[in-house]
file target_12.txt (compact mmCIF, C-alpha atoms)
# COMPACT_ATOMS: atom_id res chain seq x y z
CA MET A 8 27.51 -7.10 37.25
CA SER A 9 30.03 -9.63 35.99
CA ASP A 10 32.28 -11.84 38.15
CA THR A 11 35.21 -9.80 36.84
CA GLN A 12 33.73 -6.56 38.08
CA LYS A 13 32.89 -8.03 41.48
CA SER A 14 36.41 -9.39 41.80
CA ILE A 15 38.06 -6.08 41.04
CA GLN A 16 35.64 -4.11 43.20
CA ALA A 17 36.23 -6.38 46.19
CA SER A 18 39.99 -6.01 45.92
CA LEU A 19 40.31 -2.47 44.65
CA ALA A 20 37.30 -0.57 45.95
CA VAL A 21 39.39 2.58 46.21
CA VAL A 22 40.44 2.52 42.56
CA ILE A 23 37.28 4.17 41.26
CA ALA A 24 38.51 4.74 37.73
CA ALA A 25 39.37 1.07 37.18
CA THR A 26 35.96 -0.05 38.32
CA ALA A 27 34.29 2.61 36.19
CA PHE A 28 36.10 1.27 33.16
CA LEU A 29 34.86 -2.25 33.72
CA VAL A 30 31.30 -1.02 34.27
CA GLY A 31 31.63 0.97 31.05
CA LEU A 32 32.80 -2.14 29.23
CA GLU A 33 29.78 -4.06 30.45
CA MET A 34 27.49 -1.21 29.37
CA ARG A 35 29.08 -1.21 25.95
CA ASP A 36 28.51 -4.93 25.60
CA ASN A 37 24.92 -4.45 26.72
CA ALA A 38 24.44 -1.81 24.03
CA ASP A 39 25.88 -4.12 21.40
CA LEU A 40 24.15 -7.29 22.51
CA GLY A 41 20.94 -6.00 24.04
CA GLY A 42 22.06 -7.39 27.40
CA ALA A 43 21.96 -10.93 26.01
CA LYS A 44 24.33 -13.56 27.31
CA LEU A 45 25.45 -15.74 24.44
CA VAL A 46 25.39 -19.15 26.06
CA SER A 47 24.32 -22.50 24.69
CA ASN A 48 20.66 -23.55 24.95
CA GLU A 49 19.65 -20.50 26.97
CA THR A 50 15.96 -19.58 27.04
CA VAL A 51 15.27 -16.37 25.16
CA ALA A 52 12.32 -14.14 26.00
CA MET A 53 11.14 -12.80 22.67
CA ALA A 54 8.51 -10.11 22.12
CA GLY A 55 5.32 -11.46 20.62
CA GLY A 56 2.10 -13.18 21.60
CA GLY A 57 -0.37 -10.84 19.98
CA GLY A 58 -1.65 -7.87 21.96
CA SER A 59 -1.33 -9.40 25.40
CA GLY A 60 2.02 -7.78 26.00
CA ARG A 61 3.41 -11.06 27.30
CA GLY A 62 6.62 -12.46 25.85
CA VAL A 63 6.83 -15.85 24.17
CA VAL A 64 9.59 -17.94 25.73
CA ALA A 65 11.35 -20.33 23.39
CA ASN A 66 14.36 -22.60 23.66
CA VAL A 67 16.81 -21.61 20.94
CA GLU A 68 19.92 -23.57 19.97
CA ASP A 69 23.18 -21.62 20.31
CA ARG A 70 23.88 -21.51 16.56
CA GLN A 71 20.48 -19.85 16.03
CA TYR A 72 20.72 -17.58 19.04
CA VAL A 73 22.26 -14.49 17.43
CA ALA A 74 19.87 -14.66 14.46
CA ALA A 75 16.93 -14.90 16.86
CA ILE A 76 18.12 -11.86 18.81
CA VAL A 77 18.56 -9.82 15.61
CA GLU A 78 15.09 -10.84 14.44
CA MET A 79 13.59 -9.83 17.79
CA LEU A 80 15.34 -6.45 17.74
CA ASP A 81 14.30 -5.84 14.15
CA ARG A 82 10.67 -6.57 15.04
CA ALA A 83 10.38 -4.97 18.48
CA TYR A 84 12.83 -2.05 18.72
CA VAL A 85 11.18 1.39 18.93
CA GLU A 86 12.84 2.66 15.72
CA PRO A 87 13.58 0.96 12.39
CA ILE A 88 17.03 -0.66 12.30
CA GLU A 89 18.56 0.64 9.09
CA ASP A 90 21.94 -1.13 9.26
CA ARG A 91 21.62 -4.69 10.55
CA SER A 92 25.30 -5.35 9.84
CA LYS A 93 26.15 -3.25 12.91
CA LEU A 94 24.15 -5.64 15.07
CA GLY A 95 26.15 -8.52 13.69
CA SER A 96 29.52 -6.84 14.23
CA GLY A 97 28.49 -5.86 17.76
CA ALA A 98 27.62 -9.48 18.53
CA VAL A 99 30.94 -10.66 17.08
CA ARG A 100 32.84 -8.11 19.17
CA GLY A 101 31.18 -9.40 22.34
CA MET A 102 31.83 -13.04 21.47
CA ILE A 103 35.47 -12.47 20.56
CA ALA A 104 36.02 -10.52 23.79
CA ARG A 105 34.59 -13.42 25.82
CA LEU A 106 37.26 -15.76 24.42
CA ALA A 107 39.90 -13.90 26.46
CA ASP A 108 42.58 -14.85 23.94
CA ALA A 109 45.42 -12.49 23.01
CA GLU A 110 45.46 -13.72 19.40
CA SER A 111 41.68 -13.42 18.93
CA LEU A 112 40.83 -9.74 18.61
CA PHE A 113 38.04 -7.60 17.19
CA TYR A 114 38.88 -4.51 15.09
CA ASP A 115 36.49 -1.73 14.19
CA ALA A 116 36.45 -0.63 10.54
CA GLU A 117 39.27 1.89 10.87
CA ALA A 118 41.48 -0.41 12.93
CA PHE A 119 40.89 -3.31 10.53
CA LYS A 120 41.86 -1.08 7.61
CA ARG A 121 45.12 -0.26 9.40
CA LEU A 122 45.75 -3.95 10.07
CA GLU A 123 45.39 -4.79 6.38
CA ALA A 124 47.59 -1.85 5.41
CA ALA A 125 50.36 -2.94 7.81
CA ARG A 126 50.31 -6.40 6.25
CA ALA A 127 51.04 -4.71 2.93
CA GLY A 128 53.89 -2.67 4.42
CA ARG A 129 51.97 0.60 4.83
CA PHE A 130 52.22 1.92 8.38
CA GLU A 131 50.70 4.89 10.16
CA GLY A 132 51.46 6.19 13.64
CA ILE A 133 55.01 5.67 14.83
CA GLY A 134 55.53 2.59 12.63
CA VAL A 135 54.99 -0.38 14.93
CA VAL A 136 52.88 -3.51 15.10
CA THR A 137 51.54 -4.06 18.61
CA ARG A 138 50.19 -7.14 20.31
CA PHE A 139 48.47 -7.90 23.60
CA ASP A 140 50.05 -10.16 26.16
CA LEU A 141 47.91 -11.68 28.89
CA THR A 142 49.13 -11.71 32.47
CA ARG A 143 49.90 -15.23 33.64
CA VAL A 144 47.44 -16.19 36.36
CA GLU A 145 48.99 -18.34 39.06
CA PRO A 146 47.08 -21.41 40.30
CA ASN A 147 45.25 -20.98 43.58
CA GLU A 148 45.61 -23.26 46.60
CA ASP A 149 43.69 -26.17 45.03
CA GLY A 150 45.93 -26.06 41.95
CA ASN A 151 43.37 -24.44 39.64
CA GLU A 152 43.32 -21.00 38.09
CA ASP A 153 40.75 -18.57 39.44
CA ASP A 154 38.40 -18.08 36.48
CA SER A 155 37.32 -14.58 37.47
CA THR A 156 40.93 -13.49 37.93
CA LYS A 157 41.85 -15.01 34.58
CA ARG A 158 39.06 -13.11 32.82
CA GLU A 159 40.05 -9.94 34.65
CA ALA A 160 43.66 -10.26 33.48
CA ALA A 161 42.48 -10.82 29.91
CA MET A 162 40.47 -7.60 30.05
CA LEU A 163 43.57 -5.64 31.10
CA PRO A 164 46.48 -7.08 29.10
CA ARG A 165 49.92 -5.66 28.60
CA ILE A 166 50.48 -3.96 25.26
CA LEU A 167 53.77 -4.98 23.66
CA ILE A 168 55.59 -3.85 20.57
CA ALA A 169 55.54 -6.92 18.32
CA SER A 170 57.67 -5.48 15.50
CA VAL A 171 59.15 -2.19 14.34
CA ALA A 172 58.88 -1.19 10.68
CA PRO A 173 62.28 -0.65 9.04
CA GLY A 174 62.84 3.05 8.36
CA SER A 175 60.11 4.15 10.77
CA SER A 176 60.34 6.84 13.41
CA ALA A 177 59.98 4.11 16.06
CA GLU A 178 63.14 2.47 14.75
CA ALA A 179 64.93 5.84 14.80
CA ALA A 180 63.82 6.32 18.43
CA GLY A 181 65.33 2.97 19.41
CA LEU A 182 62.08 1.15 20.22
CA LYS A 183 62.40 -2.63 20.00
CA ALA A 184 60.17 -5.67 19.67
CA GLY A 185 59.30 -6.95 23.12
CA ASP A 186 59.14 -3.51 24.74
CA VAL A 187 56.16 -3.21 27.09
CA VAL A 188 54.28 0.05 26.56
CA THR A 189 53.71 1.62 29.97
CA GLY A 190 52.76 5.16 29.01
CA VAL A 191 51.51 7.17 26.03
CA ASP A 192 51.32 10.97 25.98
CA GLY A 193 51.98 11.15 29.69
CA LYS A 194 49.19 8.73 30.61
CA TRP A 195 49.68 5.40 32.35
CA VAL A 196 48.54 2.44 30.24
CA VAL A 197 46.35 0.28 32.50
CA ASN A 198 47.46 -3.34 32.79
CA ALA A 199 46.59 -6.30 34.98
CA ASP A 200 50.11 -6.72 36.39
CA ASP A 201 49.92 -3.67 38.63
CA ILE A 202 46.30 -4.25 39.63
CA LEU A 203 46.86 -7.91 40.53
CA ALA A 204 50.02 -6.95 42.44
CA LEU A 205 47.94 -4.53 44.51
CA ARG A 206 45.35 -7.23 45.18
CA LYS A 207 48.08 -9.63 46.31
CA LEU A 208 49.41 -6.98 48.66
CA GLN A 209 45.94 -6.45 50.11
CA GLN A 210 45.56 -10.19 50.68
CA GLU A 211 48.80 -10.16 52.68
CA THR A 212 47.25 -7.62 55.05
CA GLU A 213 44.47 -10.12 55.81
CA ASP A 214 46.55 -13.32 55.84
CA PRO A 215 45.89 -15.17 59.15
CA ALA A 216 49.13 -17.11 58.71
CA LYS A 217 51.15 -13.92 59.17
CA THR A 218 51.99 -12.30 62.50
CA ASP A 219 50.44 -9.00 63.57
CA ALA A 220 53.74 -7.25 62.81
CA GLN A 221 53.92 -8.75 59.34
CA ARG A 222 50.33 -7.78 58.58
CA ALA A 223 50.98 -4.25 59.85
CA GLU A 224 54.02 -3.95 57.58
CA ALA A 225 52.02 -5.30 54.64
CA ASP A 226 49.29 -2.77 55.41
CA LYS A 227 51.77 0.11 55.18
CA ARG A 228 52.99 -1.13 51.81
CA PHE A 229 49.42 -1.63 50.63
CA ILE A 230 48.39 1.93 51.60
CA ALA A 231 51.39 3.38 49.73
CA ALA A 232 50.76 1.22 46.65
CA ARG A 233 47.06 2.08 46.73
CA LYS A 234 47.87 5.79 46.75
CA THR A 235 50.16 5.35 43.75
CA MET A 236 47.47 3.37 41.92
CA VAL A 237 44.81 6.03 42.55
CA GLU A 238 47.15 8.71 41.19
CA ARG A 239 47.88 6.60 38.12
CA MET A 240 44.22 5.91 37.45
CA ARG A 241 43.45 9.62 37.47
CA ASN A 242 45.69 9.98 34.44
CA SER A 243 45.41 6.70 32.55
CA MET A 244 44.25 5.10 29.33
CA MET A 245 43.20 1.59 28.35
CA PRO A 246 45.41 -0.69 26.19
CA MET A 247 43.11 -0.49 23.15
CA ARG A 248 43.32 3.31 23.19
CA ALA A 249 47.10 3.16 23.48
CA GLN A 250 47.23 0.79 20.51
CA GLU A 251 45.14 3.19 18.46
CA LEU A 252 47.37 6.16 19.26
CA LEU A 253 50.53 4.20 18.42
CA THR A 254 49.29 2.93 15.05
CA ALA A 255 46.98 5.66 13.70
CA GLY A 256 47.64 9.04 12.12
CA THR A 257 50.54 10.63 10.29
CA GLU A 258 50.83 14.01 12.03
CA GLY A 259 52.13 15.15 15.39
CA SER A 260 54.17 13.11 17.84
CA LEU A 261 53.73 10.89 20.88
CA LYS A 262 55.55 10.68 24.16
CA VAL A 263 56.02 6.93 24.54
CA ALA A 264 57.27 5.17 27.69
CA VAL A 265 58.30 1.51 27.49
CA ARG A 266 59.67 -1.02 29.94
CA ARG A 267 62.60 -3.12 28.72
CA GLY A 268 63.59 -5.54 31.44
CA GLN A 269 63.99 -3.41 34.56
CA GLN A 270 64.63 -0.24 32.58
CA VAL A 271 61.97 2.36 31.70
CA ILE A 272 62.72 4.34 28.53
CA GLU A 273 60.88 7.46 27.38
CA ASN A 274 61.00 9.01 23.91
CA VAL A 275 59.08 11.58 21.90
CA VAL A 276 58.34 9.79 18.63
CA PRO A 277 56.97 11.56 15.53
CA LYS A 278 54.01 10.09 13.66
CA ARG A 279 54.37 9.66 9.92
CA ALA A 280 53.58 7.31 7.07
CA THR A 281 56.14 4.52 6.60
CA ASN A 282 56.12 2.35 3.49
CA VAL A 283 57.99 -0.96 3.48
CA PRO A 284 58.41 -2.66 0.07
CA LEU A 285 56.62 -5.98 -0.41
CA VAL A 286 59.97 -7.56 -1.34
CA ALA A 287 63.37 -5.94 -0.82
CA ASP A 288 67.01 -6.75 -0.18
CA GLY A 289 68.24 -5.95 3.30
CA PRO A 290 71.51 -6.37 5.20
CA GLY A 291 70.26 -9.61 6.73
CA GLY A 292 68.78 -11.05 3.53
CA ILE A 293 65.65 -10.70 1.44
CA ARG A 294 62.71 -9.23 3.34
CA PHE A 295 59.12 -9.76 2.21
CA CYS A 296 55.54 -9.25 3.33
CA PHE A 297 53.12 -12.17 3.52
CA LYS A 298 50.73 -10.75 0.91
CA PRO A 299 49.48 -12.38 -2.33
CA GLU A 300 51.04 -9.61 -4.40
CA ALA A 301 54.51 -10.50 -3.06
CA VAL A 302 54.50 -14.17 -4.18
CA SER A 303 55.40 -13.65 -7.84
CA GLU A 304 57.87 -10.88 -7.01
CA LEU A 305 59.73 -13.12 -4.56
CA GLN A 306 59.62 -16.00 -7.03
CA SER A 307 61.37 -13.85 -9.64
CA LYS A 308 63.95 -12.71 -7.11
CA ILE A 309 65.04 -16.22 -6.08
CA ALA A 310 64.84 -17.80 -9.55
CA GLY A 311 68.18 -19.31 -10.57
CA ASP A 312 69.86 -18.54 -7.25
CA GLY A 313 71.73 -21.08 -5.21
CA ASP A 314 71.37 -20.71 -1.48
CA VAL A 315 69.01 -17.94 -0.41
CA ARG A 316 69.13 -15.75 2.69
CA LEU A 317 65.87 -14.40 4.10
CA ASP A 318 65.39 -11.88 6.89
CA LEU A 319 62.07 -12.40 8.70
CA THR A 320 62.83 -10.25 11.73
CA GLN A 321 60.32 -7.43 12.37
CA ASN A 322 57.72 -9.57 10.58
CA ALA A 323 54.81 -10.07 12.98
CA THR A 324 51.77 -9.76 10.77
CA GLY A 325 50.69 -11.21 7.45
CA ASP A 326 47.97 -12.89 5.44
CA GLU A 327 47.82 -16.48 6.66
CA SER A 328 46.21 -17.58 3.37
CA THR A 329 49.49 -16.92 1.52
CA LEU A 330 51.52 -19.33 3.67
CA THR A 331 51.28 -22.36 1.39
CA ALA A 332 52.15 -20.29 -1.70
CA PHE A 333 55.39 -19.05 -0.09
CA LEU A 334 56.28 -22.52 1.19
CA GLY A 335 55.83 -23.86 -2.36
CA LEU A 336 58.43 -21.38 -3.67
CA PHE A 337 61.14 -23.03 -1.55
CA GLY A 338 60.10 -26.59 -0.78
CA GLY A 339 57.62 -27.56 -3.48
CA ALA A 340 54.51 -29.65 -2.92
CA GLY A 341 54.13 -31.79 0.18
CA ASP A 342 53.19 -31.99 3.83
CA TYR A 343 54.79 -29.33 6.05
CA GLY A 344 53.20 -30.06 9.41
CA THR A 345 49.94 -29.69 11.26
CA ILE A 346 47.84 -27.08 13.01
CA LEU A 347 47.02 -28.51 16.44
CA SER A 348 43.91 -27.62 18.41
CA GLU A 349 43.37 -28.09 22.14
CA ARG A 350 39.78 -29.12 21.49
CA PRO A 351 39.34 -32.88 22.00
CA ASP A 352 36.79 -33.05 19.16
CA ALA A 353 39.00 -31.23 16.63
CA PRO A 354 41.51 -33.30 14.62
CA ALA A 355 44.85 -31.82 13.64
CA LYS A 356 44.68 -29.97 10.32
CA PRO A 357 47.49 -30.70 7.88
CA LEU A 358 49.49 -27.83 6.41
CA THR A 359 49.85 -29.12 2.88
CA VAL A 360 51.20 -27.45 -0.25
CA ALA A 361 49.38 -28.70 -3.34
CA GLU A 362 51.83 -27.35 -5.91
CA GLY A 363 55.19 -25.64 -5.99
CA ARG A 364 58.66 -25.75 -7.51
CA GLN A 365 60.36 -28.98 -8.45
CA GLY A 366 62.91 -29.85 -5.80
CA SER A 367 63.81 -27.37 -3.07
CA VAL A 368 65.98 -24.32 -2.42
CA GLN A 369 68.31 -24.33 0.56
CA VAL A 370 67.68 -21.24 2.62
CA VAL A 371 69.04 -19.49 5.70
CA ILE A 372 66.38 -17.54 7.59
CA LYS A 373 67.12 -14.86 10.16
CA VAL A 374 64.50 -14.84 12.95
CA ASP A 375 64.04 -13.45 16.45
CA GLY A 376 61.29 -12.52 18.90
CA SER A 377 59.75 -10.15 16.35
CA THR A 378 59.07 -13.04 13.94
CA ARG A 379 55.50 -14.18 14.55
CA GLY A 380 52.43 -15.65 12.87
CA PRO A 381 52.80 -16.65 9.19
CA ALA A 382 56.49 -15.64 9.15
CA ALA A 383 57.31 -17.84 12.15
CA ILE A 384 55.31 -20.80 10.82
CA PHE A 385 56.99 -20.44 7.41
CA ALA A 386 60.45 -20.50 9.00
CA LYS A 387 59.68 -23.42 11.33
CA ALA A 388 58.03 -25.45 8.55
CA LEU A 389 61.06 -25.14 6.26
CA GLU A 390 63.42 -25.94 9.13
CA ALA A 391 61.42 -29.07 10.05
CA LYS A 392 61.65 -30.27 6.44
CA GLY A 393 65.41 -29.79 6.42
CA ILE A 394 65.21 -27.02 3.81
CA ALA A 395 66.07 -24.07 6.06
CA ARG A 396 68.60 -23.27 8.74
CA LEU A 397 67.44 -20.68 11.25
CA GLU A 398 69.69 -17.95 12.57
CA GLY A 399 68.21 -16.88 15.88
CA SER A 400 65.32 -18.35 17.82
CA LEU A 401 61.54 -18.04 17.81
CA ASP A 402 59.36 -17.23 20.80
CA GLU A 403 57.34 -20.12 22.19
CA GLY A 404 54.05 -18.37 21.40
CA ALA A 405 55.02 -17.25 17.89
CA LEU A 406 53.67 -20.30 16.01
CA ILE A 407 49.98 -19.41 16.28
CA MET A 408 47.76 -19.67 13.22
CA ALA A 409 45.18 -16.89 13.40
CA LYS A 410 42.42 -16.70 10.82
CA THR A 411 41.44 -13.19 9.71
CA VAL A 412 37.82 -12.37 8.81
CA ARG A 413 36.44 -9.13 7.38
CA LEU A 414 32.80 -8.33 8.24
CA ALA A 415 30.22 -6.61 6.06
CA ASP A 416 30.57 -3.20 7.74
CA GLY A 417 34.36 -3.11 7.27
CA SER A 418 35.21 -4.27 10.77
CA GLY A 419 36.85 -7.65 11.30
CA TYR A 420 38.53 -10.02 13.68
CA THR A 421 41.37 -12.46 14.09
CA LEU A 422 40.69 -15.90 15.54
CA ASN A 423 43.25 -18.26 17.03
CA THR A 424 42.71 -21.58 15.20
CA GLY A 425 45.66 -23.57 16.50
CA ARG A 426 49.38 -23.99 17.03
CA PHE A 427 51.75 -25.13 14.30
CA GLU A 428 53.91 -28.24 14.66
CA GLY A 429 56.42 -29.02 11.94
CA ALA A 430 56.42 -32.24 9.96
CA THR A 431 58.92 -34.97 10.78
CA ARG A 432 61.63 -35.31 8.16

call {"tool": "encode", "arguments": {"input": "target_12.txt", "output": "structure tokens"}}
result
Amino acid sequence: MSDTQKSIQASLAVVIAATAFLVGLEMRDNADLGGAKLVSNETVAMAGGGGSGRGVVANVEDRQYVAAIVEMLDRAYVEPIEDRSKLGSGAVRGMIARLADAESLFYDAEAFKRLEAARAGRFEGIGVVTRFDLTRVEPNEDGNEDDSTKREAAMLPRILIASVAPGSSAEAAGLKAGDVVTGVDGKWVVNADDILALRKLQQETEDPAKTDAQRAEADKRFIAARKTMVERMRNSMMPMRAQELLTAGTEGSLKVAVRRGQQVIENVVPKRATNVPLVADGPGGIRFCFKPEAVSELQSKIAGDGDVRLDLTQNATGDESTLTAFLGLFGGAGDYGTILSERPDAPAKPLTVAEGRQGSVQVVIKVDGSTRGPAAIFAKALEAKGIARLEGSLDEGALIMAKTVRLADGSGYTLNTGRFEGATR
């Protein structure tokens, strides 16, 4: 049992459903990874050694570890393994999950297909892009974060609406970027906030620094909150399931509950296909998707113009590989900034445009909290070079460069590779 499971069980023994979920997650990882823990320089017991039935123990470097496990399974499993790509994608899913990073996510084949479609302006579900937001873990008494609590919070993130597709049923229902999804189809969406709040309340009941009366009062509040939590868990769903329901399918409708500040809003939102043009004029300026097919279309649209207005609100997903091509349309060749890593052994990577237009185009860009990823980096890079003036402000966490990788079986993942910092003029 993992540290995360032990931590939740110790604090929330009465919340059976929550613990069952975490056990199920561990079982799923075991099925994908054969129970292996992917850690550096671990000893691996591999079947072999002739007919003695004894395993051969070998030290395997971490970069060879997955290949060694696949080879062992291929040789020793009771049935032939017909699709080895599934072993690889299962290993990747486990490794990405262990990163506990909201921008580094694994997608099965269907979910990855929907991700790519949304980048091209083709939406299913209610017409939103969602993102996960990790609960901030407060330092403990010695000033450090509790690792098990941090992992636990990462396993149960909030699900937020990152952007709303123009013309979608979500837009018609009044949903907004930044809304926290608290319920879907009448089910509570599990998140770490409520679970950690219950743990904190339980700790107050055992706090020796408090008086007997204070502990008794805390105990009453804990019992009431525990009862509410048990009732919620009986009718709940996990964030990944909520994300799937919100973004998949074109028939039926969903009852969606969101929290906006202190207000909880509920709507019944129809599912349908929503198509957003790759490049289009809007009331706030030209809107475009960060897709290769949109580069030439946008180039034609801005050719010969003076100042240009762009609207990059509700633009939270895109192909990061197109970023330099779009920058070249407005600022030409040159250095636009760097992608910074927190790893001490990783140098900053320059964001450089090799070729582009001669000179630059002055541009006004409308942005807000729904501008993220390539769109946010594009806007910040042009502002830092003195080419763009921003109307609105970007979220602090919007300037993340996330690499997208498609795997052989159609699944894929995003990987946080660093934070953008604009070049000095």

call {"tool": "atom_distance", "arguments": {"input": "target_12.txt", "atom1": "atom CA of Arg279 of chain A", "atom2": "atom CA of Leu401 of chain A"}}
result
29.7 Å

call {"tool": "closest_residue", "arguments": {"input": "target_12.txt", "among": "A:Ala225, A:Ala125, A:Met236, A:Val99", "to": "Ile202 of chain A", "atoms": "all atoms listed in the file"}}
result
A:Met236

call {"tool": "atom_distance", "arguments": {"input": "target_12.txt", "atom1": "atom CA of Val371 of chain A", "atom2": "atom CA of Ala395 of chain A"}}
result
5.5 Å

call {"tool": "closest_residue", "arguments": {"input": "target_12.txt", "among": "A:Ser170, A:Thr189, A:Ser175, A:Gln321", "to": "Ser243 of chain A", "atoms": "only C-alpha atoms"}}
result
A:Thr189

call {"tool": "closest_residue", "arguments": {"input": "target_12.txt", "among": "A:Gly325, A:Gly363, A:Gly339, A:Pro164", "to": "Thr411 of chain A", "atoms": "only C-alpha atoms"}}
result
A:Gly325

call {"tool": "residues_around", "arguments": {"input": "target_12.txt", "residues": "Arg413 of chain A", "least_positions_apart": "6", "cutoff": "8 Å", "atoms": "all atoms listed in the file", "output": "ChimeraX atom specification"}}
result
/A:119,419-420

call {"tool": "closest_residue", "arguments": {"input": "target_12.txt", "among": "A:Leu141, A:Glu428, A:Val135, A:Leu285", "to": "Ser111 of chain A", "atoms": "only C-alpha atoms"}}
result
A:Leu141

call {"tool": "closest_residue", "arguments": {"input": "target_12.txt", "among": "A:Thr424, A:Ser260, A:Ser418, A:Ser377", "to": "Arg138 of chain A", "atoms": "all atoms listed in the file"}}
result
A:Ser377

call {"tool": "atom_distance", "arguments": {"input": "target_12.txt", "atom1": "atom CA of Pro246 of chain A", "atom2": "atom CA of Glu123 of chain A"}}
result
20.2 Å

call {"tool": "closest_residue", "arguments": {"input": "target_12.txt", "among": "A:Arg239, A:Thr212, A:Arg129, A:Glu398", "to": "Asp226 of chain A", "atoms": "all atoms listed in the file"}}
result
A:Thr212

call {"tool": "residues_around", "arguments": {"input": "target_12.txt", "residues": "Tyr114 of chain A", "least_positions_apart": "6", "cutoff": "12 Å", "atoms": "only C-alpha atoms", "output": "ChimeraX atom specification"}}
result
/A:96-97,99-101,103-104,120-123,247,250-251,411-414,416-422

call {"tool": "residues_near_point", "arguments": {"input": "target_12.txt", "point": "(51.7, 5.2, 24.9)", "cutoff": "9 Å", "atoms": "all atoms listed in the file", "output": "PyMOL selection string"}}
result
chain A and resi 188-196+244+246+248-250+252-253+261-265

call {"tool": "residues_around", "arguments": {"input": "target_12.txt", "residues": "Phe427 of chain A", "least_positions_apart": "2", "cutoff": "10 Å", "atoms": "only C-alpha atoms", "output": "ChimeraX atom specification"}}
result
/A:343-348,355-358,380-381,383-385,387-388,405-408,424-425,429-430

call {"tool": "write_last_selection", "arguments": {"input": "target_12.txt", "atoms": "C-alpha atoms", "output": "CSV table (one decimal), keeping the file's coordinate frame"}}
result
chain,number,residue,atom,x,y,z
A,343,TYR,CA,54.8,-29.3,6.0
A,344,GLY,CA,53.2,-30.1,9.4
A,345,THR,CA,49.9,-29.7,11.3
A,346,ILE,CA,47.8,-27.1,13.0
A,347,LEU,CA,47.0,-28.5,16.4
A,348,SER,CA,43.9,-27.6,18.4
A,355,ALA,CA,44.8,-31.8,13.6
A,356,LYS,CA,44.7,-30.0,10.3
A,357,PRO,CA,47.5,-30.7,7.9
A,358,LEU,CA,49.5,-27.8,6.4
A,380,GLY,CA,52.4,-15.6,12.9
A,381,PRO,CA,52.8,-16.6,9.2
A,383,ALA,CA,57.3,-17.8,12.2
A,384,ILE,CA,55.3,-20.8,10.8
A,385,PHE,CA,57.0,-20.4,7.4
A,387,LYS,CA,59.7,-23.4,11.3
A,388,ALA,CA,58.0,-25.4,8.6
A,405,ALA,CA,55.0,-17.2,17.9
A,406,LEU,CA,53.7,-20.3,16.0
A,407,ILE,CA,50.0,-19.4,16.3
A,408,MET,CA,47.8,-19.7,13.2
A,424,THR,CA,42.7,-21.6,15.2
A,425,GLY,CA,45.7,-23.6,16.5
A,429,GLY,CA,56.4,-29.0,11.9
A,430,ALA,CA,56.4,-32.2,10.0

call {"tool": "decode", "arguments": {"input": "target_12.txt", "residues": "segment 102-114 of chain A", "atoms": "N, CA and C atoms", "output": "compact mmCIF listing (two decimals), in the first residue's frame"}}
result
# COMPACT_ATOMS: atom_id res chain seq x y z
N MET A 102 4.24 6.29 -15.13
CA MET A 102 5.32 7.25 -14.89
C MET A 102 4.81 8.69 -14.89
N ILE A 103 3.91 9.02 -15.84
CA ILE A 103 3.36 10.36 -15.88
C ILE A 103 2.57 10.65 -14.60
N ALA A 104 1.80 9.67 -14.14
CA ALA A 104 1.01 9.86 -12.91
C ALA A 104 1.91 10.15 -11.72
N ARG A 105 3.08 9.50 -11.67
CA ARG A 105 3.99 9.69 -10.53
C ARG A 105 4.59 11.08 -10.50
N LEU A 106 4.56 11.82 -11.62
CA LEU A 106 5.12 13.16 -11.63
C LEU A 106 4.28 14.14 -10.81
N ALA A 107 2.99 13.81 -10.64
CA ALA A 107 2.09 14.66 -9.84
C ALA A 107 2.15 16.11 -10.30
N ASP A 108 2.01 16.30 -11.63
CA ASP A 108 2.10 17.63 -12.22
C ASP A 108 0.83 17.87 -13.03
N ALA A 109 0.16 18.99 -12.79
CA ALA A 109 -1.12 19.25 -13.44
C ALA A 109 -1.01 19.45 -14.93
N GLU A 110 0.19 19.79 -15.43
CA GLU A 110 0.38 20.00 -16.86
C GLU A 110 0.90 18.75 -17.56
N SER A 111 1.23 17.72 -16.80
CA SER A 111 1.76 16.47 -17.36
C SER A 111 0.71 15.39 -17.17
N LEU A 112 0.02 15.06 -18.25
CA LEU A 112 -1.14 14.18 -18.15
C LEU A 112 -1.08 13.09 -19.23
N PHE A 113 -1.60 11.92 -18.87
CA PHE A 113 -1.72 10.82 -19.83
C PHE A 113 -3.15 10.79 -20.36
N TYR A 114 -3.30 10.51 -21.66
CA TYR A 114 -4.61 10.40 -22.30
C TYR A 114 -4.70 9.05 -23.00
